[in-house]
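Peer 1: One structure, as structure tokens, below. Some questions next.
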Amino acid sequence: MLKSRFEHVLPADYDSAAVMMREAGDQLLARLDLVAMKPTRIMDVGCSIGYCAQLLQKRYPSAEVKAVDDSASMLAYAKESNSLSIHWLCTSLETLPAIDNSIDLLVANLVLPWCGDIKKMLQEWRRVLRPEGLLMFTTYGPDTLIELQEKNIRLPHLIDMHNIGDLLLQVGFADPVLDLDYFTLTYKEQQQLQDELKSTGMLLADDQIPLLEKNADQVFPLTYEIIHGHAWKPLAHPSVSAEGGVVKFPLAHLRGR
């Protein structure tokens, strides 16, 4: 994980600036309305201040919810503002605190942009999911902060939707479904824009954005491309060899769970 982006971020500052985290999280959880499953063991990976974990506990009150993050300060902040029975676990996200095949639902809201090895992270998610367990995630696509991409600043990993789909299949997930949405945040002052990007880990602490120009509405716009994805862990390895070297993947994983 690229922890350097959050080492100097105060949880309260992150909380006040994390507009896109909440928007992406709300949309991620709304997609659970379309899934016929009643998970009893849930893991929120990279839970930060616990926004999704709390909503998951309210949605599934009888489930055990594990909220995992590698920031002790974020977890401490989450505990203070949360009275629900969530298991808060501070540990590396590269080795999750769960045995193989034990999690029904794994949620990861805007975690992949800060992963050093995305394929390895997906493999770890697949390891802890039970057969027919569900992965639901969001991440930032390559058009995110397109207004700043020529400004010689260091952005997190911005991944194309099709590349994520390929990686999901490579590590053994079945039936990946991905779609995307675009959002625009606007700022009246460039300093506020820069401060909020640092508070949300989109900029490093020592990054300085060159002078920007306001648009016709006299604001600074910032574009976010949010990728939504879900995939299932199959009962067996999903790939089936076919004629001519073609690989087929079963599609009967969306109902009956």
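The chains in the structure tokens are called A, B, ... from first to last as shown; in each chain the residues are counted from 1, and the ligands are counted from 1 in the order shown.
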Using DSSP secondary structure from the backbone, list all helix (DSSP H, G or I) positions within range 150-246 of chain A, as a list of chain:residue names.
Peer 2: A:Met161, A:His162, A:Asn163, A:Ile164, A:Gly165, A:Asp166, A:Leu167, A:Leu168, A:Leu169, A:Gln170, A:Gln190, A:Gln191, A:Gln192, A:Leu193, A:Gln194, A:Asp195, A:Glu196, A:Leu197, A:Lys198, A:Ser199, A:Glu243, A:Gly244, A:Gly245
Peer 1: Per residue of range 80-111 of chain A within 7 Å of range 28-51 of chain A, note the shortest atom pair and the distance in Å to one decimal, counting only C-alpha atoms, and order the rows by chain and increasing residue number, as JSON lines.
Peer 2:
{"residue": "A:Ile103", "atom": "CA", "partner": "A:Arg41", "partner_atom": "CA", "distance": 5.2}
{"residue": "A:Asp104", "atom": "CA", "partner": "A:Arg41", "partner_atom": "CA", "distance": 5.3}
{"residue": "A:Leu105", "atom": "CA", "partner": "A:Ile42", "partner_atom": "CA", "distance": 4.9}
{"residue": "A:Leu106", "atom": "CA", "partner": "A:Met43", "partner_atom": "CA", "distance": 4.9}
{"residue": "A:Val107", "atom": "CA", "partner": "A:Asp44", "partner_atom": "CA", "distance": 4.8}
{"residue": "A:Ala108", "atom": "CA", "partner": "A:Val45", "partner_atom": "CA", "distance": 5.0}
{"residue": "A:Val111", "atom": "CA", "partner": "A:Gly46", "partner_atom": "CA", "distance": 6.0}
Peer 1: Produce a file of the selected residues containing N, CA and C atoms, as an mmCIF file, in the first residue's frame.
Peer 2:
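Output file selection02.cif is given in full below:
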data_model
loop_
_atom_site.group_PDB
_atom_site.id
_atom_site.type_symbol
_atom_site.label_atom_id
_atom_site.label_comp_id
_atom_site.auth_asym_id
_atom_site.auth_seq_id
_atom_site.Cartn_x
_atom_site.Cartn_y
_atom_site.Cartn_z
ATOM 1 N N ILE A 103 -15.064 -15.522 4.046
ATOM 2 C CA ILE A 103 -15.827 -14.275 3.967
ATOM 3 C C ILE A 103 -16.915 -14.406 2.898
ATOM 4 N N ASP A 104 -18.139 -13.997 3.243
ATOM 5 C CA ASP A 104 -19.251 -14.041 2.287
ATOM 6 C C ASP A 104 -19.240 -12.847 1.339
ATOM 7 N N LEU A 105 -18.950 -11.677 1.888
ATOM 8 C CA LEU A 105 -18.999 -10.430 1.118
ATOM 9 C C LEU A 105 -17.780 -9.586 1.468
ATOM 10 N N LEU A 106 -17.002 -9.229 0.463
ATOM 11 C CA LEU A 106 -15.844 -8.354 0.659
ATOM 12 C C LEU A 106 -16.086 -7.059 -0.108
ATOM 13 N N VAL A 107 -15.976 -5.952 0.605
ATOM 14 C CA VAL A 107 -16.204 -4.624 0.041
ATOM 15 C C VAL A 107 -14.899 -3.836 0.098
ATOM 16 N N ALA A 108 -14.567 -3.170 -0.998
ATOM 17 C CA ALA A 108 -13.358 -2.341 -1.048
ATOM 18 C C ALA A 108 -13.691 -1.059 -1.803
ATOM 19 N N VAL A 111 -9.981 1.631 -2.830
ATOM 20 C CA VAL A 111 -8.754 1.107 -2.231
ATOM 21 C C VAL A 111 -7.661 0.885 -3.275
#
Peer 1: Counting only C-alpha atoms, what is within 8 Å of Ser71 in chain A, bar same-chain residues fewer than 3 positions away, as a PyMOL selection string?
Peer 2: chain A and resi 48+74-75+90-91
Peer 1: In Å, with one decimal, what is the gap from CA of Ala17 in chain A to CA of Pro61 in chain A?
Peer 2: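 According to the coordinates, CA of Ala17 in chain A and CA of Pro61 in chain A are separated by 28.3 Å.
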Peer 1: Rank nothing, just name the residue among A:His230, A:Arg22, A:Lys188, A:His87 nearest to Gln218 in chain A, using only C-alpha atoms.
Peer 2: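 Among the listed residues, A:Lys188 lies closest to Gln218 in chain A.
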Peer 1: Grab the CA of Ala98 in chain A to CA of Val128 in chain A distance for me, in Å with one decimal place.
Peer 2: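 Answer for the CA of Ala98 in chain A to CA of Val128 in chain A separation: 6.1 Å.
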Peer 1: Hey, can you check how far CA of Trp232 in chain A sits from CA of Asp166 in chain A?
Peer 2: 14.1 Å
Peer 1: Taking into account only C-alpha atoms, which residue in the set A:Leu222, A:Leu158, A:Leu211, A:Ala12 is nearest to Ile118 in chain A?
Peer 2: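 For Ile118 in chain A, the nearest of the candidates is A:Leu158.
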Peer 1: Nearest to Glu213 in chain A among A:Leu148, A:Leu89, A:Leu155, A:Ala78, with distances taken over only C-alpha atoms: which residue is it?
Peer 2: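 Among the listed residues, the smallest separation from Glu213 in chain A belongs to A:Leu148.
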Peer 1: Can you tell me, as a VMD selection string, which residues in range 73-203 of chain A count as strand (DSSP E or B) by DSSP?
Peer 2: chain A and resid 87 to 90 103 to 109 129 to 140 174 to 187
